Amino acid sequence: MPTFVDLFCGGGLGARGAVRGGGIPLLGLDAWDLATKTYKANFPKSDVITDLIENVDTKALGKRYRPDVLLTSPECTSHSIARGAKPGLESSRETAIGIVPWVESMKPRWVIVENVNRMKKWDRHNELVETIEGLGYTVSDLFLNSADFGSAQARKRMFLVCDKQGSRVSREQLLALGPRSPLTAHDVIDWNANHISRPLRKSGRAKATLERADRAIAVGRH
């Protein structure tokens, strides 16, 4: 079974998908202690590190871990439209470049980079791709939507799927792996439970948020 190391692991939701696909987590890293505690609770056999990616001795870790897959989800907040008009931090965006020493030291067969679509517009996006290619990987640069793969939520994301053995993958190939019936939020909500809710339309709610909600409501009515 393929093994993986998980960078910017959060509580392990992405790792859960990898495990459902047959993967075995070896190590999760995140700077937030609550995230790594949650990850450890979800995957007790996995090691965890609570630290910034740039503070870790990747050469030492490369001698200990040789995963088949390196999963990475660099910081997205300074790329995301959810940030609104607030200026992004280049130091946040550059966490994507921080995965390169891990690739060099662990030499996995596969490297997966996931982020919001707007990362594609980052002026160092091509540099990242070219650096990974320079390490001997073939990179498939994809836009995917979780709703196309059985999720009740439309989350559009960029994925770099990097293979040391030279294969490429397309969105169409991934969609062909199995039929996926579209779901809506209505399909996954337990309508008999007592859920905490807040009014959608209230003072201070961002205009863009209301516009997205209105579009979703309009789709749900059809």
# chains A, B, ... in the order shown; residues from 1 in each chain; ligands from 1
call {"tool": "residues_around", "arguments": {"residues": "Pro108 in chain A", "least_positions_apart": "2", "cutoff": "8 Å", "atoms": "only C-alpha atoms", "output": "list in words"}}
result
Arg66, Pro67, Asp68, Val69, Leu70, Val103, Met106, Trp110, Val111 and Lys164 of chain A
call {"tool": "write_last_selection", "arguments": {"atoms": "N, CA and C atoms", "output": "CSV table (one decimal), in the first residue's frame"}}
result
chain,number,residue,atom,x,y,z
A,66,ARG,N,10.6,7.7,3.6
A,66,ARG,CA,10.7,7.6,2.2
A,66,ARG,C,9.3,7.3,1.7
A,67,PRO,N,8.4,8.3,1.6
A,67,PRO,CA,7.0,8.1,1.2
A,67,PRO,C,6.9,7.9,-0.3
A,68,ASP,N,5.9,7.2,-0.7
A,68,ASP,CA,5.5,7.1,-2.1
A,68,ASP,C,4.9,8.4,-2.6
A,69,VAL,N,4.2,9.1,-1.7
A,69,VAL,CA,3.5,10.3,-2.1
A,69,VAL,C,3.8,11.4,-1.1
A,70,LEU,N,4.1,12.6,-1.6
A,70,LEU,CA,4.2,13.8,-0.7
A,70,LEU,C,3.0,14.7,-1.0
A,103,VAL,N,10.8,17.6,-1.2
A,103,VAL,CA,10.8,16.8,-2.4
A,103,VAL,C,12.3,16.3,-2.6
A,106,MET,N,13.2,13.6,0.4
A,106,MET,CA,12.4,12.4,0.5
A,106,MET,C,12.2,11.6,-0.8
A,110,TRP,N,5.5,10.4,-6.2
A,110,TRP,CA,4.5,11.4,-6.5
A,110,TRP,C,4.6,12.6,-5.6
A,111,VAL,N,4.3,13.8,-6.1
A,111,VAL,CA,4.1,15.0,-5.3
A,111,VAL,C,2.8,15.6,-5.8
A,164,LYS,N,7.4,11.1,-10.8
A,164,LYS,CA,8.8,10.9,-11.0
A,164,LYS,C,9.0,10.0,-12.2
call {"tool": "select_by_dssp", "arguments": {"residues": "range 85-178 of chain A", "states": "strand (DSSP E)", "output": "list in words"}}
result
Trp110, Val111, Ile112, Val113, Glu114, Asn115, Val116, Thr138, Val139, Ser140, Asp141, Leu142, Phe143, Leu144, Asn145, Lys156, Arg157, Met158, Phe159, Leu160, Val161, Cys162 and Asp163 of chain A
call {"tool": "write_last_selection", "arguments": {"atoms": "C-alpha atoms", "output": "compact mmCIF listing (two decimals), in the first residue's frame"}}
result
# COMPACT_ATOMS: atom_id res chain seq x y z
CA TRP A 110 4.47 11.37 -6.50
CA VAL A 111 4.11 14.98 -5.35
CA ILE A 112 0.64 16.52 -5.04
CA VAL A 113 0.21 20.28 -4.57
CA GLU A 114 -3.33 21.53 -3.82
CA ASN A 115 -4.42 25.13 -3.55
CA VAL A 116 -7.11 27.60 -4.58
CA THR A 138 6.38 15.37 -15.02
CA VAL A 139 3.76 17.90 -13.84
CA SER A 140 0.04 17.82 -14.69
CA ASP A 141 -1.47 21.23 -13.87
CA LEU A 142 -5.19 20.70 -13.23
CA PHE A 143 -8.33 22.58 -12.20
CA LEU A 144 -10.78 20.28 -10.40
CA ASN A 145 -14.16 20.76 -8.74
CA LYS A 156 -12.77 24.54 -7.30
CA ARG A 157 -9.10 23.87 -6.71
CA MET A 158 -5.78 23.77 -8.52
CA PHE A 159 -3.82 20.53 -8.34
CA LEU A 160 -0.27 19.89 -9.47
CA VAL A 161 0.07 16.13 -9.92
CA CYS A 162 3.78 15.37 -10.27
CA ASP A 163 5.12 11.93 -11.23
call {"tool": "residues_around", "arguments": {"residues": "range 187-203 of chain A", "least_positions_apart": "2", "cutoff": "12 Å", "atoms": "only C-alpha atoms", "output": "PyMOL selection string"}}
result
chain A and resi 150-153+181-185+205-207+209-214+217+220
call {"tool": "select_by_dssp", "arguments": {"residues": "range 91-168 of chain A", "states": "helix (DSSP H, G or I)", "output": "VMD selection string"}}
result
chain A and resid 91 to 106 117 to 121 125 to 134 146 to 149
call {"tool": "write_last_selection", "arguments": {"atoms": "N, CA and C atoms", "output": "short mmCIF file (atom, residue, chain, number, x, y, z; two decimals), in the first residue's frame"}}
result
data_model
loop_
_atom_site.label_atom_id
_atom_site.label_comp_id
_atom_site.auth_asym_id
_atom_site.auth_seq_id
_atom_site.Cartn_x
_atom_site.Cartn_y
_atom_site.Cartn_z
N SER A 91 4.99 36.18 2.03
CA SER A 91 5.57 35.12 2.87
C SER A 91 4.61 33.93 2.99
N SER A 92 3.30 34.21 2.98
CA SER A 92 2.31 33.14 3.01
C SER A 92 2.32 32.37 1.70
N ARG A 93 2.34 33.10 0.59
CA ARG A 93 2.34 32.45 -0.72
C ARG A 93 3.58 31.58 -0.90
N GLU A 94 4.69 32.05 -0.36
CA GLU A 94 5.96 31.36 -0.57
C GLU A 94 6.08 30.05 0.19
N THR A 95 5.09 29.73 1.02
CA THR A 95 5.13 28.41 1.66
C THR A 95 5.08 27.30 0.60
N ALA A 96 4.54 27.63 -0.60
CA ALA A 96 4.54 26.64 -1.68
C ALA A 96 5.96 26.30 -2.12
N ILE A 97 6.83 27.32 -2.17
CA ILE A 97 8.23 27.07 -2.53
C ILE A 97 8.91 26.24 -1.45
N GLY A 98 8.40 26.35 -0.21
CA GLY A 98 8.99 25.62 0.91
C GLY A 98 8.87 24.12 0.82
N ILE A 99 8.06 23.61 -0.10
CA ILE A 99 7.95 22.15 -0.23
C ILE A 99 9.15 21.56 -0.97
N VAL A 100 9.89 22.40 -1.71
CA VAL A 100 10.96 21.88 -2.57
C VAL A 100 12.02 21.10 -1.79
N PRO A 101 12.54 21.59 -0.64
CA PRO A 101 13.51 20.79 0.10
C PRO A 101 12.97 19.43 0.55
N TRP A 102 11.67 19.35 0.79
CA TRP A 102 11.07 18.08 1.17
C TRP A 102 11.09 17.11 -0.01
N VAL A 103 10.79 17.62 -1.18
CA VAL A 103 10.84 16.78 -2.39
C VAL A 103 12.26 16.29 -2.61
N GLU A 104 13.23 17.18 -2.44
CA GLU A 104 14.63 16.82 -2.67
C GLU A 104 15.11 15.76 -1.68
N SER A 105 14.69 15.87 -0.42
CA SER A 105 15.21 14.95 0.60
C SER A 105 14.47 13.62 0.63
N MET A 106 13.16 13.63 0.39
CA MET A 106 12.37 12.40 0.51
C MET A 106 12.24 11.64 -0.80
N ASN A 117 -7.69 28.10 -6.88
CA ASN A 117 -7.42 28.34 -8.29
C ASN A 117 -6.54 29.56 -8.55
N ARG A 118 -6.69 30.57 -7.70
CA ARG A 118 -5.97 31.82 -7.94
C ARG A 118 -4.46 31.68 -7.75
N MET A 119 -4.01 30.58 -7.18
CA MET A 119 -2.57 30.35 -7.09
C MET A 119 -1.95 30.32 -8.50
N LYS A 120 -2.76 29.92 -9.48
CA LYS A 120 -2.28 29.85 -10.86
C LYS A 120 -1.83 31.24 -11.35
N LYS A 121 -2.41 32.31 -10.77
CA LYS A 121 -2.07 33.68 -11.17
C LYS A 121 -0.87 34.23 -10.42
N HIS A 125 4.16 30.91 -9.62
CA HIS A 125 3.55 29.61 -9.91
C HIS A 125 4.39 28.83 -10.92
N ASN A 126 4.74 29.47 -12.02
CA ASN A 126 5.53 28.78 -13.05
C ASN A 126 6.91 28.40 -12.54
N GLU A 127 7.46 29.24 -11.66
CA GLU A 127 8.76 28.91 -11.06
C GLU A 127 8.66 27.62 -10.26
N LEU A 128 7.57 27.48 -9.50
CA LEU A 128 7.37 26.26 -8.71
C LEU A 128 7.28 25.04 -9.62
N VAL A 129 6.47 25.15 -10.67
CA VAL A 129 6.31 24.04 -11.61
C VAL A 129 7.66 23.68 -12.25
N GLU A 130 8.39 24.68 -12.71
CA GLU A 130 9.66 24.43 -13.37
C GLU A 130 10.70 23.85 -12.41
N THR A 131 10.65 24.26 -11.14
CA THR A 131 11.57 23.70 -10.15
C THR A 131 11.28 22.22 -9.92
N ILE A 132 10.01 21.88 -9.80
CA ILE A 132 9.64 20.47 -9.62
C ILE A 132 10.02 19.66 -10.85
N GLU A 133 9.78 20.22 -12.03
CA GLU A 133 10.18 19.53 -13.26
C GLU A 133 11.69 19.34 -13.30
N GLY A 134 12.43 20.32 -12.80
CA GLY A 134 13.89 20.23 -12.77
C GLY A 134 14.39 19.12 -11.85
N SER A 146 -14.69 19.71 -6.62
CA SER A 146 -15.09 18.60 -5.75
C SER A 146 -16.49 18.09 -6.08
N ALA A 147 -17.36 18.97 -6.59
CA ALA A 147 -18.73 18.55 -6.93
C ALA A 147 -18.75 17.50 -8.03
N ASP A 148 -17.70 17.44 -8.83
CA ASP A 148 -17.63 16.45 -9.91
C ASP A 148 -17.20 15.08 -9.40
N PHE A 149 -16.85 15.01 -8.12
CA PHE A 149 -16.34 13.76 -7.57
C PHE A 149 -17.15 13.29 -6.36
#
call {"tool": "residues_around", "arguments": {"residues": "Ser46 in chain A", "least_positions_apart": "2", "cutoff": "6 Å", "atoms": "only C-alpha atoms", "output": "mmCIF file with N, CA and C atoms, in the first residue's frame"}}
result
data_model
loop_
_atom_site.group_PDB
_atom_site.id
_atom_site.type_symbol
_atom_site.label_atom_id
_atom_site.label_comp_id
_atom_site.auth_asym_id
_atom_site.auth_seq_id
_atom_site.Cartn_x
_atom_site.Cartn_y
_atom_site.Cartn_z
ATOM 1 N N PRO A 25 -0.618 6.997 6.178
ATOM 2 C CA PRO A 25 0.086 8.222 6.589
ATOM 3 C C PRO A 25 1.290 7.906 7.474
ATOM 4 N N LEU A 26 2.422 8.484 7.104
ATOM 5 C CA LEU A 26 3.636 8.321 7.902
ATOM 6 C C LEU A 26 3.887 9.511 8.803
ATOM 7 N N LEU A 27 3.572 10.722 8.292
ATOM 8 C CA LEU A 27 3.929 11.945 9.004
ATOM 9 C C LEU A 27 3.018 13.075 8.551
ATOM 10 N N PHE A 43 -5.240 9.687 13.103
ATOM 11 C CA PHE A 43 -4.301 8.696 12.573
ATOM 12 C C PHE A 43 -3.243 8.393 13.636
ATOM 13 N N PRO A 44 -3.591 7.596 14.630
ATOM 14 C CA PRO A 44 -2.706 7.368 15.783
ATOM 15 C C PRO A 44 -1.336 6.793 15.415
#
call {"tool": "atom_distance", "arguments": {"atom1": "CA of Glu75 in chain A", "atom2": "CA of Gln165 in chain A"}}
result
27.5 Å
